[in-house]
file work.tsv (TSV, C-alpha atoms and all ligand atoms)
chain	number	residue	atom	x	y	z
A	1	MET	CA	-20.53	-3.89	-9.97
A	2	SER	CA	-18.48	-2.49	-7.10
A	3	THR	CA	-15.02	-1.14	-7.52
A	4	TYR	CA	-12.78	-3.47	-5.59
A	5	ARG	CA	-9.36	-2.46	-4.35
A	6	ILE	CA	-6.41	-4.53	-3.17
A	7	ALA	CA	-4.25	-3.05	-0.42
A	8	PRO	CA	-1.02	-4.99	0.19
A	9	SER	CA	0.17	-4.59	3.79
A	10	ILE	CA	3.90	-3.91	3.91
A	11	LEU	CA	3.98	-5.56	7.34
A	12	SER	CA	4.84	-8.77	5.50
A	13	ALA	CA	7.28	-7.18	3.04
A	14	ASP	CA	11.03	-7.78	3.07
A	15	PHE	CA	12.15	-4.82	5.20
A	16	THR	CA	15.69	-4.99	3.84
A	17	ARG	CA	14.22	-3.98	0.46
A	18	LEU	CA	11.12	-2.06	1.48
A	19	GLY	CA	11.23	0.49	-1.34
A	20	GLU	CA	11.63	-2.18	-4.01
A	21	GLU	CA	8.79	-4.16	-2.45
A	22	VAL	CA	6.43	-1.18	-2.65
A	23	ILE	CA	7.40	-0.52	-6.26
A	24	SER	CA	6.90	-4.21	-7.09
A	25	VAL	CA	3.38	-4.47	-5.64
A	26	ALA	CA	2.44	-1.19	-7.30
A	27	GLN	CA	3.56	-2.58	-10.67
A	28	ALA	CA	1.75	-5.83	-9.89
A	29	GLY	CA	-1.64	-4.09	-9.66
A	30	ALA	CA	-1.98	-2.91	-6.05
A	31	ASP	CA	-4.53	-0.13	-5.59
A	32	MET	CA	-3.06	1.35	-2.40
A	33	ILE	CA	-0.22	0.65	0.03
A	34	HIS	CA	-1.35	-0.35	3.53
A	35	ILE	CA	1.03	0.78	6.28
A	36	ASP	CA	0.43	-0.91	9.64
A	37	VAL	CA	1.59	1.37	12.42
A	38	MET	CA	2.01	-0.45	15.74
A	39	ASP	CA	3.24	1.21	18.91
A	40	ASN	CA	3.91	-1.60	21.42
A	41	HIS	CA	1.24	-0.03	23.62
A	42	TYR	CA	-2.13	-0.23	21.89
A	43	VAL	CA	-0.94	-3.51	20.31
A	44	PRO	CA	1.95	-5.75	21.39
A	45	ASN	CA	4.15	-5.08	18.37
A	46	LEU	CA	6.25	-2.22	17.03
A	47	THR	CA	6.55	-1.23	13.39
A	48	PHE	CA	6.69	1.97	11.35
A	49	GLY	CA	6.81	5.66	12.13
A	50	PRO	CA	6.18	8.70	9.94
A	51	LEU	CA	9.75	8.59	8.58
A	52	VAL	CA	8.93	5.36	6.78
A	53	CYS	CA	5.91	7.06	5.21
A	54	LYS	CA	8.19	9.92	4.15
A	55	ALA	CA	10.69	7.51	2.59
A	56	LEU	CA	8.02	5.62	0.64
A	57	ARG	CA	6.06	8.68	-0.55
A	58	PRO	CA	8.27	9.50	-3.57
A	59	LEU	CA	8.27	5.88	-4.76
A	60	THR	CA	4.62	5.57	-5.75
A	61	ALA	CA	1.62	7.59	-6.79
A	62	LEU	CA	-0.69	5.06	-5.11
A	63	PRO	CA	-2.56	6.20	-2.00
A	64	LEU	CA	-0.67	5.53	1.23
A	65	ASP	CA	-3.22	3.94	3.56
A	66	VAL	CA	-2.03	4.33	7.14
A	67	HIS	CA	-3.62	2.03	9.73
A	68	LEU	CA	-2.81	3.42	13.14
A	69	MET	CA	-2.73	0.77	15.85
A	70	ALA	CA	-1.46	3.28	18.35
A	71	ALA	CA	-2.66	5.34	21.30
A	72	PRO	CA	-2.91	8.25	21.56
A	73	VAL	CA	-3.31	9.05	17.87
A	74	ASP	CA	-3.68	12.77	17.32
A	75	ASP	CA	0.00	13.75	17.18
A	76	LEU	CA	0.81	10.77	14.97
A	77	ILE	CA	-1.98	11.76	12.58
A	78	LYS	CA	-0.39	15.17	12.07
A	79	ASP	CA	3.01	13.59	11.42
A	80	PHE	CA	1.75	10.96	8.97
A	81	ALA	CA	-0.37	13.51	7.13
A	82	ARG	CA	2.64	15.81	6.75
A	83	GLU	CA	4.66	12.91	5.37
A	84	GLY	CA	2.20	12.17	2.60
A	85	ALA	CA	-0.43	9.77	3.94
A	86	ASN	CA	-3.70	9.80	1.97
A	87	ILE	CA	-5.94	7.68	4.16
A	88	ILE	CA	-5.56	7.48	7.94
A	89	SER	CA	-7.54	5.00	10.02
A	90	PHE	CA	-7.67	4.75	13.78
A	91	HIS	CA	-9.32	2.63	16.45
A	92	PRO	CA	-12.04	4.39	18.50
A	93	GLU	CA	-10.56	2.91	21.69
A	94	ALA	CA	-7.36	4.84	21.01
A	95	THR	CA	-8.73	8.35	21.39
A	96	ASP	CA	-10.94	10.11	23.93
A	97	HIS	CA	-12.56	12.26	21.26
A	98	VAL	CA	-13.43	10.25	18.17
A	99	ASP	CA	-15.23	13.08	16.41
A	100	ARG	CA	-12.31	15.46	16.93
A	101	THR	CA	-9.86	12.88	15.62
A	102	ILE	CA	-11.93	12.31	12.47
A	103	GLN	CA	-12.01	16.07	11.95
A	104	LEU	CA	-8.27	16.33	12.48
A	105	ILE	CA	-7.56	13.75	9.75
A	106	GLN	CA	-9.88	15.49	7.30
A	107	ASP	CA	-8.51	18.94	8.14
A	108	PHE	CA	-5.15	17.65	6.95
A	109	GLY	CA	-6.72	16.71	3.63
A	110	CYS	CA	-6.72	12.96	4.27
A	111	GLN	CA	-9.55	10.47	4.20
A	112	ALA	CA	-10.58	9.25	7.64
A	113	GLY	CA	-11.20	5.62	8.51
A	114	LEU	CA	-12.65	4.16	11.70
A	115	VAL	CA	-11.45	0.66	12.64
A	116	LEU	CA	-13.60	-1.97	14.34
A	117	ASN	CA	-11.75	-4.78	16.10
A	118	PRO	CA	-13.44	-8.20	16.09
A	119	SER	CA	-15.11	-7.42	19.44
A	120	THR	CA	-15.74	-3.70	18.88
A	121	PRO	CA	-19.48	-3.05	18.50
A	122	VAL	CA	-20.76	-1.48	15.30
A	123	ASN	CA	-22.55	1.22	17.28
A	124	HIS	CA	-19.29	3.16	17.15
A	125	LEU	CA	-20.54	4.03	13.67
A	126	ASP	CA	-23.57	5.83	15.10
A	127	TRP	CA	-22.80	9.54	14.78
A	128	THR	CA	-19.57	8.88	12.91
A	129	LEU	CA	-20.71	7.18	9.69
A	130	GLU	CA	-22.05	10.51	8.52
A	131	LYS	CA	-18.51	11.92	8.53
A	132	ILE	CA	-15.96	9.20	7.85
A	133	ASP	CA	-14.66	8.08	4.46
A	134	MET	CA	-13.94	4.45	5.31
A	135	VAL	CA	-14.82	1.73	7.80
A	136	LEU	CA	-12.11	-0.85	8.44
A	137	VAL	CA	-13.43	-4.13	9.81
A	138	MET	CA	-10.64	-6.18	11.40
A	139	SER	CA	-10.93	-9.85	10.54
A	140	VAL	CA	-8.12	-10.73	12.97
A	141	ASN	CA	-7.11	-9.16	16.27
A	142	PRO	CA	-4.68	-6.36	15.47
A	143	GLY	CA	-0.98	-6.73	16.11
A	144	PHE	CA	0.43	-9.35	13.79
A	145	GLY	CA	0.40	-10.42	10.17
A	146	GLY	CA	-0.18	-14.00	9.12
A	147	GLN	CA	-3.11	-14.76	11.43
A	148	GLN	CA	-6.13	-16.84	10.49
A	149	PHE	CA	-9.22	-15.06	9.17
A	150	LEU	CA	-11.99	-15.00	11.83
A	151	GLU	CA	-15.10	-16.25	10.01
A	152	GLY	CA	-17.45	-14.62	12.50
A	153	THR	CA	-16.37	-11.18	11.29
A	154	LEU	CA	-18.21	-11.76	7.99
A	155	ASP	CA	-21.48	-11.04	9.84
A	156	LYS	CA	-20.03	-7.74	10.97
A	157	VAL	CA	-19.01	-6.89	7.40
A	158	LYS	CA	-22.61	-7.56	6.30
A	159	LEU	CA	-23.97	-5.40	9.09
A	160	VAL	CA	-21.63	-2.52	8.28
A	161	ARG	CA	-22.43	-2.78	4.56
A	162	GLU	CA	-26.11	-2.40	5.42
A	163	MET	CA	-25.40	0.61	7.65
A	164	ILE	CA	-23.42	2.24	4.83
A	165	ARG	CA	-26.23	1.53	2.36
A	166	LYS	CA	-28.77	3.11	4.70
A	167	SER	CA	-26.58	6.16	5.23
A	168	GLY	CA	-26.69	6.87	1.51
A	169	ARG	CA	-23.08	8.00	1.73
A	170	LYS	CA	-20.09	6.78	-0.26
A	171	VAL	CA	-18.03	5.10	2.44
A	172	ALA	CA	-15.40	2.46	1.66
A	173	LEU	CA	-15.54	-0.83	3.55
A	174	GLN	CA	-12.07	-2.21	4.09
A	175	VAL	CA	-11.46	-5.64	5.60
A	176	ASP	CA	-8.08	-6.47	7.12
A	177	GLY	CA	-6.52	-9.72	8.31
A	178	GLY	CA	-6.14	-13.24	7.00
A	179	ILE	CA	-7.42	-12.45	3.51
A	180	ASN	CA	-6.23	-14.69	0.69
A	181	VAL	CA	-7.28	-15.96	-2.74
A	182	GLU	CA	-9.51	-18.61	-1.18
A	183	ASN	CA	-11.62	-16.33	1.02
A	184	ILE	CA	-11.56	-12.97	-0.77
A	185	ARG	CA	-14.77	-13.73	-2.69
A	186	SER	CA	-16.72	-14.44	0.51
A	187	VAL	CA	-15.47	-11.17	2.02
A	188	ALA	CA	-16.64	-9.31	-1.08
A	189	SER	CA	-20.00	-11.11	-1.00
A	190	ALA	CA	-20.45	-9.96	2.61
A	191	GLY	CA	-19.92	-6.37	1.47
A	192	GLY	CA	-16.20	-5.63	1.61
A	193	ASP	CA	-14.80	-3.52	-1.21
A	194	THR	CA	-11.20	-2.93	-0.12
A	195	PHE	CA	-9.06	-5.88	0.85
A	196	VAL	CA	-5.89	-5.70	2.91
A	197	ALA	CA	-3.56	-8.65	2.40
A	198	GLY	CA	-0.07	-8.94	3.82
A	199	SER	CA	1.24	-12.48	4.06
A	200	ALA	CA	-0.87	-13.75	1.13
A	201	ILE	CA	0.72	-11.22	-1.22
A	202	PHE	CA	4.26	-10.80	0.08
A	203	GLY	CA	4.54	-14.54	0.75
A	204	ALA	CA	3.77	-15.32	-2.89
A	205	ASN	CA	6.43	-15.92	-5.53
A	206	SER	CA	4.78	-13.61	-8.04
A	207	TYR	CA	3.01	-10.47	-6.83
A	208	SER	CA	1.31	-9.87	-10.17
A	209	GLN	CA	0.04	-13.44	-10.23
A	210	ILE	CA	-1.39	-13.35	-6.71
A	211	ILE	CA	-2.98	-9.91	-7.10
A	212	GLY	CA	-4.29	-11.02	-10.51
A	213	GLU	CA	-5.83	-14.13	-8.94
A	214	MET	CA	-7.45	-12.04	-6.21
A	215	LYS	CA	-8.95	-9.70	-8.82
A	216	GLU	CA	-10.07	-12.70	-10.86
A	217	ARG	CA	-12.01	-14.04	-7.86
A	218	LEU	CA	-13.65	-10.63	-7.50
A	219	SER	CA	-14.70	-10.33	-11.13
A	301	LIG	C1	-2.90	-6.72	11.59
A	301	LIG	C2	-2.72	-5.74	10.45
A	301	LIG	C3	-2.98	-6.31	9.09
A	301	LIG	C4	-2.06	-7.43	8.73
A	301	LIG	C5	-2.60	-8.16	7.56
A	301	LIG	O1	-2.76	-6.07	12.78
A	301	LIG	O2	-3.59	-4.65	10.60
A	301	LIG	O3	-2.92	-5.31	8.11
A	301	LIG	O4	-0.79	-7.02	8.45
A	301	LIG	O5	-1.74	-9.21	7.34
A	301	LIG	P1	-2.26	-10.63	6.87
A	301	LIG	O6	-2.86	-10.43	5.51
A	301	LIG	O7	-1.01	-11.44	6.83
A	301	LIG	O8	-3.25	-11.09	7.88
A	302	ZN	ZN	-3.82	-3.17	8.88
call {"tool": "encode", "arguments": {"input": "work.tsv", "output": "structure tokens", "more": "lines below"}}
Ligand code: DX5
Ligand code: ZN
result
Amino acid sequence: MSTYRIAPSILSADFTRLGEEVISVAQAGADMIHIDVMDNHYVPNLTFGPLVCKALRPLTALPLDVHLMAAPVDDLIKDFAREGANIISFHPEATDHVDRTIQLIQDFGCQAGLVLNPSTPVNHLDWTLEKIDMVLVMSVNPGFGGQQFLEGTLDKVKLVREMIRKSGRKVALQVDGGINVENIRSVASAGGDTFVAGSAIFGANSYSQIIGEMKERLS
């Protein structure tokens, strides 16, 4: 059986109590903390900078999983890595030199993830799958929490899972957007092993109950 991981996205947390929210989801069984970085340029929304990563770092031992929806990315990668990020993912459209950016993330001791938007072809994984640590398949268009899961992306998850299998490498397959208790099993069946959920978790009354239910569906 695969090892499944739940990654609550703090995009849907209560920002007036962000530290407490991170501590709460960690205690509730989260496996990593997903930090959605939006720059009002690559995506039409604006969220967190490296200082937020710095502030959260001492609060949890869980991996800080930074999803950069920003362009350009290289300077931001250095800043987030210095502030304690463990995993850094970027969109191939956001850099001119994908291979160099992957290398930069890994040189800072972080795991590197490559993100595929719903319309981004999987051939971006040719020549990169042999280096990266994670593929992030977007199941919504990036920019906002609380959007509806795009069913068509399940075929992409299946395709990427097959590419990872053929590579023979240990590469995580994260899926991000619109994931909830009802659909998490189908995402896992398609090949996802790491599940980002923002509104489904932070919108719930009990974080331990909702994360528990998600894990129950995966068992
Ligand atoms: C979308 C972000 C997602 C988002 C997930 O641009 O990358 O991480 O916050 O939120 P939900 O689970 O509400 O779709
Ligand atoms: Zn994200």
call {"tool": "closest_atom_pairs", "arguments": {"input": "work.tsv", "of": "chain A", "to": "ligand ZN 302 (chain A)", "cutoff": "9 Å", "atoms": "only C-alpha atoms and all ligand atoms", "output": "JSON lines"}}
result
{"residue": "A:Ser9", "atom": "CA", "partner": "A:ZN302", "partner_atom": "ZN", "distance": 6.6}
{"residue": "A:Leu11", "atom": "CA", "partner": "A:ZN302", "partner_atom": "ZN", "distance": 8.3}
{"residue": "A:His34", "atom": "CA", "partner": "A:ZN302", "partner_atom": "ZN", "distance": 6.5}
{"residue": "A:Ile35", "atom": "CA", "partner": "A:ZN302", "partner_atom": "ZN", "distance": 6.8}
{"residue": "A:Asp36", "atom": "CA", "partner": "A:ZN302", "partner_atom": "ZN", "distance": 4.9}
{"residue": "A:Val37", "atom": "CA", "partner": "A:ZN302", "partner_atom": "ZN", "distance": 7.9}
{"residue": "A:Asp65", "atom": "CA", "partner": "A:ZN302", "partner_atom": "ZN", "distance": 8.9}
{"residue": "A:Val66", "atom": "CA", "partner": "A:ZN302", "partner_atom": "ZN", "distance": 7.9}
{"residue": "A:His67", "atom": "CA", "partner": "A:ZN302", "partner_atom": "ZN", "distance": 5.3}
{"residue": "A:Leu68", "atom": "CA", "partner": "A:ZN302", "partner_atom": "ZN", "distance": 7.9}
{"residue": "A:Met69", "atom": "CA", "partner": "A:ZN302", "partner_atom": "ZN", "distance": 8.1}
{"residue": "A:Leu136", "atom": "CA", "partner": "A:ZN302", "partner_atom": "ZN", "distance": 8.6}
{"residue": "A:Met138", "atom": "CA", "partner": "A:ZN302", "partner_atom": "ZN", "distance": 7.9}
{"residue": "A:Pro142", "atom": "CA", "partner": "A:ZN302", "partner_atom": "ZN", "distance": 7.4}
{"residue": "A:Gly143", "atom": "CA", "partner": "A:ZN302", "partner_atom": "ZN", "distance": 8.5}
{"residue": "A:Phe144", "atom": "CA", "partner": "A:ZN302", "partner_atom": "ZN", "distance": 9.0}
{"residue": "A:Gly145", "atom": "CA", "partner": "A:ZN302", "partner_atom": "ZN", "distance": 8.5}
{"residue": "A:Val175", "atom": "CA", "partner": "A:ZN302", "partner_atom": "ZN", "distance": 8.7}
{"residue": "A:Asp176", "atom": "CA", "partner": "A:ZN302", "partner_atom": "ZN", "distance": 5.7}
{"residue": "A:Gly177", "atom": "CA", "partner": "A:ZN302", "partner_atom": "ZN", "distance": 7.1}
{"residue": "A:Val196", "atom": "CA", "partner": "A:ZN302", "partner_atom": "ZN", "distance": 6.8}
{"residue": "A:Ala197", "atom": "CA", "partner": "A:ZN302", "partner_atom": "ZN", "distance": 8.5}
{"residue": "A:Gly198", "atom": "CA", "partner": "A:ZN302", "partner_atom": "ZN", "distance": 8.5}
call {"tool": "closest_residue", "arguments": {"input": "work.tsv", "among": "A:Val122, A:Val115, A:Ala81, A:Ile132", "to": "ligand LIG 301 (chain A)", "atoms": "all atoms listed in the file"}}
result
A:Val115
call {"tool": "atom_distance", "arguments": {"input": "work.tsv", "atom1": "CA of Glu182 (chain A)", "atom2": "CA of Arg161 (chain A)"}}
result
21.2 Å
call {"tool": "atom_distance", "arguments": {"input": "work.tsv", "atom1": "CA of Glu216 (chain A)", "atom2": "CA of Ser167 (chain A)"}}
result
29.8 Å
call {"tool": "atom_distance", "arguments": {"input": "work.tsv", "atom1": "CA of Glu130 (chain A)", "atom2": "CA of Ser189 (chain A)"}}
result
23.7 Å
call {"tool": "closest_residue", "arguments": {"input": "work.tsv", "among": "A:Leu46, A:Leu18, A:Ile164, A:Leu159", "to": "ligand LIG 301 (chain A)", "atoms": "all atoms listed in the file"}}
result
A:Leu46
call {"tool": "residues_around", "arguments": {"input": "work.tsv", "residues": "Val52 (chain A)", "least_positions_apart": "4", "cutoff": "10 Å", "atoms": "all atoms listed in the file", "output": "PyMOL selection string"}}
result
chain A and resi 18-19+35+47-48+56-57+80+83
call {"tool": "closest_residue", "arguments": {"input": "work.tsv", "among": "A:Trp127, A:Phe15, A:Phe202, A:Phe108", "to": "ligand LIG 301 (chain A)", "atoms": "all atoms listed in the file"}}
result
A:Phe202
call {"tool": "residues_around", "arguments": {"input": "work.tsv", "residues": "Ile77 (chain A)", "least_positions_apart": "2", "cutoff": "8 Å", "atoms": "all atoms listed in the file", "output": "list in words"}}
result
Val73, Asp74, Asp75, Asp79, Phe80, Ala81, Ile88, Leu104 and Ile105 of chain A
call {"tool": "residues_around", "arguments": {"input": "work.tsv", "residues": "Asp99 (chain A)", "least_positions_apart": "3", "cutoff": "8 Å", "atoms": "all atoms listed in the file", "output": "MDAnalysis selection string"}}
result
chainID A and resid 102:103 128
call {"tool": "closest_residue", "arguments": {"input": "work.tsv", "among": "A:Ser186, A:Gln147, A:Ser206, A:Thr60", "to": "ligand LIG 301 (chain A)", "atoms": "all atoms listed in the file"}}
result
A:Gln147
call {"tool": "closest_residue", "arguments": {"input": "work.tsv", "among": "A:Arg185, A:His97, A:Arg82, A:His91", "to": "ligand LIG 301 (chain A)", "atoms": "all atoms listed in the file"}}
result
A:His91
call {"tool": "closest_residue", "arguments": {"input": "work.tsv", "among": "A:Ser219, A:Gln209, A:Thr120, A:Ser199", "to": "ligand LIG 301 (chain A)", "atoms": "all atoms listed in the file"}}
result
A:Ser199
call {"tool": "residues_around", "arguments": {"input": "work.tsv", "residues": "Gly203 (chain A)", "least_positions_apart": "6", "cutoff": "10 Å", "atoms": "all atoms listed in the file", "output": "ChimeraX atom specification"}}
result
/A:12-14,146,210
call {"tool": "residues_near_point", "arguments": {"input": "work.tsv", "point": "(-20.2, 11.0, 3.8)", "cutoff": "7 Å", "atoms": "all atoms listed in the file", "output": "PyMOL selection string"}}
result
chain A and resi 130-133+169-171
call {"tool": "residues_around", "arguments": {"input": "work.tsv", "residues": "Val181 (chain A)", "least_positions_apart": "4", "cutoff": "9 Å", "atoms": "all atoms listed in the file", "output": "list in words"}}
result
Arg185, Ala200, Ile210, Ile211, Glu213, Met214, Lys215 and Arg217 of chain A
call {"tool": "build_atoms", "arguments": {"input": "work.tsv", "residues": "region 77-105 of chain A", "atoms": "N, CA and C atoms", "output": "tab-separated table (two decimals), in the coordinates of the input"}}
result
chain	number	residue	atom	x	y	z
A	77	ILE	N	-1.20	11.41	13.78
A	77	ILE	CA	-1.98	11.76	12.58
A	77	ILE	C	-1.35	12.97	11.88
A	78	LYS	N	-1.00	13.97	12.67
A	78	LYS	CA	-0.39	15.17	12.07
A	78	LYS	C	0.90	14.79	11.36
A	79	ASP	N	1.72	13.96	12.00
A	79	ASP	CA	3.01	13.59	11.42
A	79	ASP	C	2.84	12.78	10.14
A	80	PHE	N	1.94	11.79	10.17
A	80	PHE	CA	1.75	10.96	8.97
A	80	PHE	C	1.13	11.79	7.84
A	81	ALA	N	0.24	12.67	8.17
A	81	ALA	CA	-0.37	13.51	7.13
A	81	ALA	C	0.69	14.40	6.48
A	82	ARG	N	1.57	14.96	7.29
A	82	ARG	CA	2.64	15.81	6.75
A	82	ARG	C	3.60	15.02	5.87
A	83	GLU	N	3.72	13.73	6.14
A	83	GLU	CA	4.66	12.91	5.37
A	83	GLU	C	4.00	12.21	4.19
A	84	GLY	N	2.78	12.62	3.86
A	84	GLY	CA	2.20	12.17	2.60
A	84	GLY	C	1.14	11.09	2.66
A	85	ALA	N	0.65	10.75	3.86
A	85	ALA	CA	-0.43	9.77	3.94
A	85	ALA	C	-1.67	10.30	3.22
A	86	ASN	N	-2.45	9.41	2.63
A	86	ASN	CA	-3.70	9.80	1.97
A	86	ASN	C	-4.94	9.38	2.75
A	87	ILE	N	-4.84	8.20	3.35
A	87	ILE	CA	-5.94	7.68	4.16
A	87	ILE	C	-5.35	7.38	5.54
A	88	ILE	N	-6.04	7.79	6.58
A	88	ILE	CA	-5.56	7.48	7.94
A	88	ILE	C	-6.72	6.88	8.73
A	89	SER	N	-6.50	5.68	9.24
A	89	SER	CA	-7.54	5.00	10.02
A	89	SER	C	-7.07	4.84	11.46
A	90	PHE	N	-8.02	4.91	12.36
A	90	PHE	CA	-7.67	4.75	13.78
A	90	PHE	C	-8.76	3.95	14.48
A	91	HIS	N	-8.38	3.42	15.64
A	91	HIS	CA	-9.32	2.63	16.45
A	91	HIS	C	-10.01	3.56	17.45
A	92	PRO	N	-11.34	3.47	17.59
A	92	PRO	CA	-12.04	4.39	18.50
A	92	PRO	C	-11.56	4.28	19.94
A	93	GLU	N	-11.05	3.10	20.31
A	93	GLU	CA	-10.56	2.91	21.69
A	93	GLU	C	-9.28	3.71	21.95
A	94	ALA	N	-8.67	4.22	20.87
A	94	ALA	CA	-7.36	4.84	21.01
A	94	ALA	C	-7.41	6.36	21.16
A	95	THR	N	-8.62	6.90	21.22
A	95	THR	CA	-8.73	8.35	21.39
A	95	THR	C	-9.92	8.64	22.31
A	96	ASP	N	-9.82	9.72	23.07
A	96	ASP	CA	-10.94	10.11	23.93
A	96	ASP	C	-12.02	10.85	23.15
A	97	HIS	N	-11.64	11.40	22.00
A	97	HIS	CA	-12.56	12.26	21.26
A	97	HIS	C	-12.59	11.83	19.80
A	98	VAL	N	-13.41	10.83	19.51
A	98	VAL	CA	-13.43	10.25	18.17
A	98	VAL	C	-13.79	11.29	17.11
A	99	ASP	N	-14.79	12.08	17.40
A	99	ASP	CA	-15.23	13.08	16.41
A	99	ASP	C	-14.11	14.08	16.10
A	100	ARG	N	-13.42	14.50	17.13
A	100	ARG	CA	-12.31	15.46	16.93
A	100	ARG	C	-11.19	14.83	16.11
A	101	THR	N	-10.93	13.56	16.35
A	101	THR	CA	-9.86	12.88	15.62
A	101	THR	C	-10.22	12.72	14.14
A	102	ILE	N	-11.48	12.39	13.87
A	102	ILE	CA	-11.93	12.31	12.47
A	102	ILE	C	-11.71	13.67	11.80
A	103	GLN	N	-12.14	14.71	12.50
A	103	GLN	CA	-12.01	16.07	11.95
A	103	GLN	C	-10.55	16.43	11.68
A	104	LEU	N	-9.70	16.04	12.61
A	104	LEU	CA	-8.27	16.33	12.48
A	104	LEU	C	-7.71	15.70	11.19
A	105	ILE	N	-8.05	14.45	10.95
A	105	ILE	CA	-7.56	13.75	9.75
A	105	ILE	C	-8.04	14.49	8.50
